[in-house]
Amino acid sequence: MKKVLIANRGEIALRINRACHELGLSTVAVYSTADADALHVKFADESVCIGPPQASESYLNMSSLLAAAEVTGADAVHPGYGFLAENATFARACQAENLCFIGPSPDVIDQMGHKIRAKELAHKAGVPTLPSLVVKPEMSTPEVMHALKEIGYPVLIKAAMGGGGRGMKLVKSPEEWTSLYSLARSESLKAFGSDEVYVEKYCVSPKHVEVQVLGDQSGKVLHFGERDCSIQRRHQKLVEEALCPILEESTRQQMGKVAVQLAEQVGYYSAGTVEFVLDADKNFYFLEMNTRIQVEHPVTEMVTGFDLVKAQIEVAQGQNLKLKQSDLQFRGHSIECRILAEDPKNFQPCPGLISLFHPPMGFGVRLESTACSDYFVPPYYDSMIAKLIVHADSRVAAIEKMKQALREFVIQGIKTTIPLHLEIMDHPVFREGNYDTKFLESRA
């Protein structure tokens with residue numbers, strides 16, 4: 001591997017570019033016409049325009065990406081997260097062009113991307129799962145209603161090929177079933193090209209806790225602890241922290257153990273995340289597996305001192321993990337705030353020109369961003385413009401450090417979620433650590 005094409009944009013493209021350069025690899029940035037002046041383009045060794053602003057015609061355009069790799073002589077592709085990162089067709093297309101895809105095998109992406117199959121594999125690997133139902137065409141309405149009664153209301157309808165809350169519907173009673181089932185299938189078809197859905201017991205007041213795993217191509221898999229990602233809006237994460245503030249050590253060890261078991265069973269290599277829901281009694285159940293690097297990976301890096309993106313690249317080169325599980329020790333506490341170009345009161349996107357961008361600084365403060373003064377936030381992509389990460393000896397100290405960093409973070413010209421993040425850091429429920437995924441909806 002000598003030259004890596006980074007098939008993404010924004011802060012993750014810069015993050016990958018930095019890791020490649022530290023490993024002595026040259027880089028190729030791709031960009032839409034809306035991103036021509038973006039920092040990820042300026043810091044890469046080469047760059048190629050791959051289309052107009054619309055993602056479907058640029059960052060999701062496989063032909064343009066593969067052509068960019070060919071014309072620049074790239075021999076590897078890092079997909080980052082989002083866009084084509086979990087697209088098995090793209091991974092196979094890269095391999096067909098003799099490009100190293102920096103991620104897991106296409107077959108594993110396929111298996112874990114299908115939520116029903118992934119749940120079956122998790123159950124087989126000994127991972128706790130919630131009671132569920134796959135509604136088959138040959139099932140009669142009475143059969144379905146009986147099965148739902150056995151599971152017990154409320155239940156959650158979920159898209160088999162989905163994520164991000166699309167195609168997801170909460171059914172609280174038998175009377176709601178027919179209309180919500182039809183709506184979920186319709187939304188799933190529109191969003192993912194498939195109307196296949198399944199039903200799962202709804203976990204009341206859940207925490208969203210995930211375990212970072214990393215495997216090499218020899219079959220060795222390690223876990224790097226967990227992250228609490230429960231503070232969300234519209235099923236999208238807003239604040240993440242490592243480690244989970246209320247998890248008991250025995251549960252932590254068991255979570256890590258079963259996450260590794262699942263990864264080993266499917267032959268997983270590269271960085272990945274096994275996601276769980278944690279109920280009010282601190283029982284955990286499999287949610288899904290993300291076959292890519294996560295947005296929130298920096299909090300894990302901060303508490304382990306381990307560079308996950310560089311490790312991804314090294315594993316793709318065929319290097320084996322030199323660490324043992326016992327080598328991984330968790331130090332202190334880390335929190336990440338996703339800074340969004342959104343109105344903090346209603347989460348409406350606020351694209352536009354940033355007139356002043358003053359980043360926070362100091363010991364234990366890390367910022368991942370491509371924004372700067374005079375940067376125009378385009379309206380075509382995800383609204384996240386920065387990730388602010390802090391690390392301290394304790395959770396209390398990390399919260400105080402984050403508050404100070406947020407106060408120092410000046411972004412003028414557009415609205416951002418910085419005021420909301422400050423509010424969260426001071427909220428008594430957050431400070432106790434016992435918040436759940438409904439925190440933003442229920443906060444006073």
# chains A, B, ... in the order shown; residues from 1 in each chain; ligands from 1
call {"tool": "closest_atom_pairs", "arguments": {"of": "segment 385-426 of chain A", "to": "segment 288-305 of chain A", "cutoff": "10 Å", "atoms": "only C-alpha atoms", "output": "CSV"}}
result
residue,atom,partner,partner_atom,distance
A:Lys387,CA,A:Glu296,CA,8.4
A:Leu388,CA,A:Pro298,CA,9.5
A:Ile389,CA,A:Val299,CA,6.9
A:Val390,CA,A:Val299,CA,8.0
A:His391,CA,A:Met302,CA,6.4
A:Ala392,CA,A:Val303,CA,9.1
A:Asp393,CA,A:Val303,CA,9.6
call {"tool": "residues_around", "arguments": {"residues": "Ile50 of chain A", "least_positions_apart": "6", "cutoff": "7 Å", "atoms": "only C-alpha atoms", "output": "PDB file with C-alpha atoms, in the first residue's frame"}}
result
ATOM      1  CA  VAL A  30     -12.121  13.499  -3.549  1.00  0.00           C
ATOM      2  CA  TYR A  31     -14.550  16.385  -3.507  1.00  0.00           C
ATOM      3  CA  SER A  32     -17.794  17.650  -4.927  1.00  0.00           C
ATOM      4  CA  SER A  58     -20.462  12.593  -6.079  1.00  0.00           C
ATOM      5  CA  SER A  64     -16.522   8.385 -10.141  1.00  0.00           C
ATOM      6  CA  LEU A  65     -14.672   7.181  -7.050  1.00  0.00           C
TER       7      LEU A  65
END
call {"tool": "atom_distance", "arguments": {"atom1": "atom CA of Gly364 of chain A", "atom2": "atom CA of Arg338 of chain A"}}
result
16.8 Å
call {"tool": "residues_around", "arguments": {"residues": "segment 94-107 of chain A", "least_positions_apart": "3", "cutoff": "6 Å", "atoms": "only C-alpha atoms", "output": "ChimeraX atom specification"}}
result
/A:75-78,88,91,110,269-270,316
call {"tool": "write_last_selection", "arguments": {"atoms": "N, CA and C atoms", "output": "CSV table (one decimal), in the first residue's frame"}}
result
chain,number,residue,atom,x,y,z
A,75,ASP,N,-3.8,2.7,-4.6
A,75,ASP,CA,-3.9,1.3,-4.5
A,75,ASP,C,-4.8,0.8,-3.3
A,76,ALA,N,-5.4,1.8,-2.7
A,76,ALA,CA,-6.3,1.5,-1.5
A,76,ALA,C,-7.3,2.5,-1.4
A,77,VAL,N,-8.4,2.2,-0.7
A,77,VAL,CA,-9.6,3.1,-0.5
A,77,VAL,C,-10.0,3.0,0.9
A,78,HIS,N,-10.1,4.2,1.6
A,78,HIS,CA,-10.6,4.2,2.9
A,78,HIS,C,-12.0,4.9,2.9
A,88,ALA,N,-21.4,-3.2,0.7
A,88,ALA,CA,-20.7,-4.3,0.2
A,88,ALA,C,-20.4,-4.3,-1.3
A,91,ALA,N,-17.3,-2.2,-1.7
A,91,ALA,CA,-16.2,-3.0,-1.3
A,91,ALA,C,-15.7,-4.0,-2.3
A,110,ASP,N,-22.2,-7.5,4.3
A,110,ASP,CA,-23.5,-8.0,3.9
A,110,ASP,C,-24.2,-8.6,5.0
A,269,TYR,N,-12.5,-8.5,10.5
A,269,TYR,CA,-11.3,-7.8,10.7
A,269,TYR,C,-11.5,-6.4,10.4
A,270,SER,N,-10.6,-5.5,10.8
A,270,SER,CA,-10.7,-4.0,10.8
A,270,SER,C,-11.5,-3.5,12.0
A,316,ALA,N,-5.4,-3.7,7.2
A,316,ALA,CA,-5.7,-3.8,5.8
A,316,ALA,C,-4.4,-4.2,5.0
call {"tool": "residues_around", "arguments": {"residues": "Ile399 of chain A", "least_positions_apart": "3", "cutoff": "9 Å", "atoms": "only C-alpha atoms", "output": "ChimeraX atom specification"}}
result
/A:334-335,390,392,394-396,402-404,425-426,431
call {"tool": "closest_residue", "arguments": {"among": "A:Cys372, A:Leu328, A:Val135, A:Ile424", "to": "Gln412 of chain A", "atoms": "only C-alpha atoms"}}
result
A:Cys372
call {"tool": "closest_atom_pairs", "arguments": {"of": "segment 55-163 of chain A", "to": "segment 170-182 of chain A", "cutoff": "10 Å", "atoms": "only C-alpha atoms", "output": "JSON lines"}}
result
{"residue": "A:Thr141", "atom": "CA", "partner": "A:Thr178", "partner_atom": "CA", "distance": 9.4}
{"residue": "A:Val144", "atom": "CA", "partner": "A:Trp177", "partner_atom": "CA", "distance": 9.9}
{"residue": "A:Met145", "atom": "CA", "partner": "A:Pro174", "partner_atom": "CA", "distance": 7.2}
{"residue": "A:His146", "atom": "CA", "partner": "A:Pro174", "partner_atom": "CA", "distance": 9.9}
{"residue": "A:Leu148", "atom": "CA", "partner": "A:Pro174", "partner_atom": "CA", "distance": 8.2}
{"residue": "A:Lys149", "atom": "CA", "partner": "A:Pro174", "partner_atom": "CA", "distance": 8.3}
{"residue": "A:Gly152", "atom": "CA", "partner": "A:Ser173", "partner_atom": "CA", "distance": 9.3}
{"residue": "A:Tyr153", "atom": "CA", "partner": "A:Lys172", "partner_atom": "CA", "distance": 5.7}
{"residue": "A:Pro154", "atom": "CA", "partner": "A:Lys172", "partner_atom": "CA", "distance": 4.4}
{"residue": "A:Val155", "atom": "CA", "partner": "A:Val171", "partner_atom": "CA", "distance": 5.3}
{"residue": "A:Leu156", "atom": "CA", "partner": "A:Leu170", "partner_atom": "CA", "distance": 4.6}
{"residue": "A:Ile157", "atom": "CA", "partner": "A:Leu170", "partner_atom": "CA", "distance": 6.4}
{"residue": "A:Lys158", "atom": "CA", "partner": "A:Leu170", "partner_atom": "CA", "distance": 9.0}
call {"tool": "residues_around", "arguments": {"residues": "Asn320 of chain A", "least_positions_apart": "4", "cutoff": "9 Å", "atoms": "only C-alpha atoms", "output": "PyMOL selection string"}}
result
chain A and resi 215-218+220+314-315
call {"tool": "write_last_selection", "arguments": {"atoms": "N, CA and C atoms", "output": "JSON list (two decimals), in the first residue's frame"}}
result
[["chain", "number", "residue", "atom", "x", "y", "z"],
["A", 215, "GLY", "N", -10.22, -6.31, 14.76],
["A", 215, "GLY", "CA", -9.69, -7.63, 14.43],
["A", 215, "GLY", "C", -8.67, -7.56, 13.33],
["A", 216, "ASP", "N", -7.78, -8.55, 13.29],
["A", 216, "ASP", "CA", -6.82, -8.63, 12.18],
["A", 216, "ASP", "C", -7.18, -9.82, 11.29],
["A", 217, "GLN", "N", -6.43, -10.00, 10.20],
["A", 217, "GLN", "CA", -6.79, -11.01, 9.22],
["A", 217, "GLN", "C", -6.33, -12.41, 9.61],
["A", 218, "SER", "N", -5.68, -12.53, 10.78],
["A", 218, "SER", "CA", -5.31, -13.85, 11.28],
["A", 218, "SER", "C", -6.42, -14.44, 12.15],
["A", 220, "LYS", "N", -7.55, -12.78, 15.04],
["A", 220, "LYS", "CA", -7.48, -12.22, 16.38],
["A", 220, "LYS", "C", -8.38, -11.01, 16.50],
["A", 314, "GLU", "N", -3.23, -0.49, 9.06],
["A", 314, "GLU", "CA", -2.21, -1.53, 9.24],
["A", 314, "GLU", "C", -2.81, -2.92, 9.08],
["A", 315, "VAL", "N", -4.02, -3.13, 9.61],
["A", 315, "VAL", "CA", -4.69, -4.43, 9.45],
["A", 315, "VAL", "C", -4.97, -4.69, 7.98]]
call {"tool": "residues_around", "arguments": {"residues": "Ile151 of chain A", "least_positions_apart": "3", "cutoff": "8 Å", "atoms": "only C-alpha atoms", "output": "list of chain:residue names"}}
result
A:Pro131, A:Ser132, A:Ala147, A:Leu148, A:Val155, A:Glu200, A:Lys201
call {"tool": "write_last_selection", "arguments": {"atoms": "N, CA and C atoms", "output": "PDB file, in the first residue's frame"}}
result
ATOM      1  N   PRO A 131     -36.542 -10.474  22.474  1.00  0.00           N
ATOM      2  CA  PRO A 131     -37.535 -11.266  21.727  1.00  0.00           C
ATOM      3  C   PRO A 131     -37.955 -10.516  20.461  1.00  0.00           C
ATOM      4  N   SER A 132     -38.084 -11.251  19.353  1.00  0.00           N
ATOM      5  CA  SER A 132     -38.381 -10.587  18.086  1.00  0.00           C
ATOM      6  C   SER A 132     -39.254 -11.467  17.207  1.00  0.00           C
ATOM      7  N   ALA A 147     -48.457 -13.651  18.060  1.00  0.00           N
ATOM      8  CA  ALA A 147     -47.011 -13.582  18.280  1.00  0.00           C
ATOM      9  C   ALA A 147     -46.625 -12.267  18.967  1.00  0.00           C
ATOM     10  N   LEU A 148     -47.260 -11.180  18.554  1.00  0.00           N
ATOM     11  CA  LEU A 148     -46.976  -9.887  19.169  1.00  0.00           C
ATOM     12  C   LEU A 148     -47.400  -9.878  20.636  1.00  0.00           C
ATOM     13  N   VAL A 155     -43.869  -2.814  21.192  1.00  0.00           N
ATOM     14  CA  VAL A 155     -42.879  -3.435  20.309  1.00  0.00           C
ATOM     15  C   VAL A 155     -42.394  -2.378  19.316  1.00  0.00           C
ATOM     16  N   GLU A 200     -39.400  -6.154  17.243  1.00  0.00           N
ATOM     17  CA  GLU A 200     -38.580  -6.472  18.410  1.00  0.00           C
ATOM     18  C   GLU A 200     -39.242  -5.903  19.662  1.00  0.00           C
ATOM     19  N   LYS A 201     -39.093  -6.595  20.760  1.00  0.00           N
ATOM     20  CA  LYS A 201     -39.580  -6.086  22.040  1.00  0.00           C
ATOM     21  C   LYS A 201     -38.937  -4.730  22.308  1.00  0.00           C
TER      22      LYS A 201
END
call {"tool": "select_by_dssp", "arguments": {"residues": "segment 231-442 of chain A", "states": "alpha helix (DSSP H)", "output": "JSON, numbers by chain"}}
result
{"A": [249, 250, 251, 252, 253, 254, 255, 256, 257, 258, 259, 260, 261, 262, 263, 264, 265, 297, 298, 299, 300, 301, 302, 303, 304, 308, 309, 310, 311, 312, 313, 314, 315, 316, 395, 396, 397, 398, 399, 400, 401, 402, 403, 404, 405, 406, 407, 408, 418, 419, 420, 421, 422, 423, 424, 425, 426, 428, 429, 430, 431, 432, 439, 440, 441, 442]}
call {"tool": "atom_distance", "arguments": {"atom1": "atom CA of Arg407 of chain A", "atom2": "atom CA of Leu422 of chain A"}}
result
7.9 Å
call {"tool": "select_by_dssp", "arguments": {"residues": "segment 19-123 of chain A", "states": "strand (DSSP E or B)", "output": "count of residues only"}}
result
18
call {"tool": "residues_around", "arguments": {"residues": "Asp228 of chain A", "least_positions_apart": "2", "cutoff": "10 Å", "atoms": "only C-alpha atoms", "output": "NGL selection string"}}
result
:A and (207-211 or 226 or 230-231 or 237 or 239-247 or 275-276 or 278 or 296 or 335 or 433 or 435-436)
call {"tool": "closest_residue", "arguments": {"among": "A:Gly24, A:Val41, A:Ile414, A:Tyr59", "to": "Asn8 of chain A", "atoms": "only C-alpha atoms"}}
result
A:Tyr59
call {"tool": "decode", "arguments": {"residues": "segment 167-189 of chain A", "atoms": "N, CA and C atoms", "output": "short mmCIF file (atom, residue, chain, number, x, y, z; two decimals), in the first residue's frame"}}
result
data_model
loop_
_atom_site.label_atom_id
_atom_site.label_comp_id
_atom_site.auth_asym_id
_atom_site.auth_seq_id
_atom_site.Cartn_x
_atom_site.Cartn_y
_atom_site.Cartn_z
N GLY A 167 -37.76 4.11 9.01
CA GLY A 167 -38.52 2.87 8.95
C GLY A 167 -38.79 2.27 10.32
N MET A 168 -38.55 3.04 11.38
CA MET A 168 -38.74 2.55 12.75
C MET A 168 -40.03 3.12 13.33
N LYS A 169 -40.87 2.25 13.89
CA LYS A 169 -42.14 2.68 14.46
C LYS A 169 -42.39 1.96 15.78
N LEU A 170 -42.83 2.73 16.78
CA LEU A 170 -43.15 2.18 18.09
C LEU A 170 -44.64 1.85 18.13
N VAL A 171 -44.96 0.57 18.41
CA VAL A 171 -46.34 0.11 18.47
C VAL A 171 -46.68 -0.16 19.94
N LYS A 172 -47.63 0.61 20.47
CA LYS A 172 -47.96 0.50 21.89
C LYS A 172 -49.15 -0.40 22.17
N SER A 173 -49.94 -0.71 21.14
CA SER A 173 -51.13 -1.53 21.35
C SER A 173 -51.51 -2.24 20.06
N PRO A 174 -52.32 -3.30 20.13
CA PRO A 174 -52.73 -4.03 18.92
C PRO A 174 -53.44 -3.13 17.91
N GLU A 175 -54.16 -2.12 18.39
CA GLU A 175 -54.91 -1.24 17.49
C GLU A 175 -54.00 -0.42 16.59
N GLU A 176 -52.78 -0.21 17.01
CA GLU A 176 -51.85 0.61 16.22
C GLU A 176 -51.10 -0.21 15.17
N TRP A 177 -51.16 -1.51 15.27
CA TRP A 177 -50.30 -2.37 14.46
C TRP A 177 -50.44 -2.17 12.95
N THR A 178 -51.63 -2.32 12.43
CA THR A 178 -51.82 -2.35 10.97
C THR A 178 -51.30 -1.09 10.29
N SER A 179 -51.68 0.06 10.79
CA SER A 179 -51.27 1.32 10.14
C SER A 179 -49.78 1.57 10.27
N LEU A 180 -49.21 1.29 11.45
CA LEU A 180 -47.78 1.55 11.65
C LEU A 180 -46.91 0.54 10.90
N TYR A 181 -47.37 -0.69 10.80
CA TYR A 181 -46.64 -1.71 10.04
C TYR A 181 -46.56 -1.31 8.58
N SER A 182 -47.66 -0.86 8.02
CA SER A 182 -47.69 -0.43 6.63
C SER A 182 -46.79 0.79 6.42
N LEU A 183 -46.83 1.74 7.36
CA LEU A 183 -46.02 2.95 7.25
C LEU A 183 -44.53 2.63 7.37
N ALA A 184 -44.18 1.72 8.26
CA ALA A 184 -42.77 1.34 8.43
C ALA A 184 -42.22 0.71 7.15
N ARG A 185 -43.00 -0.17 6.55
CA ARG A 185 -42.56 -0.82 5.30
C ARG A 185 -42.39 0.20 4.19
N SER A 186 -43.31 1.14 4.11
CA SER A 186 -43.24 2.19 3.09
C SER A 186 -42.00 3.05 3.26
N GLU A 187 -41.73 3.48 4.50
CA GLU A 187 -40.55 4.29 4.78
C GLU A 187 -39.26 3.52 4.50
N SER A 188 -39.25 2.25 4.87
CA SER A 188 -38.08 1.42 4.64
C SER A 188 -37.79 1.27 3.15
N LEU A 189 -38.82 1.05 2.37
CA LEU A 189 -38.65 0.91 0.91
C LEU A 189 -38.09 2.19 0.31
#
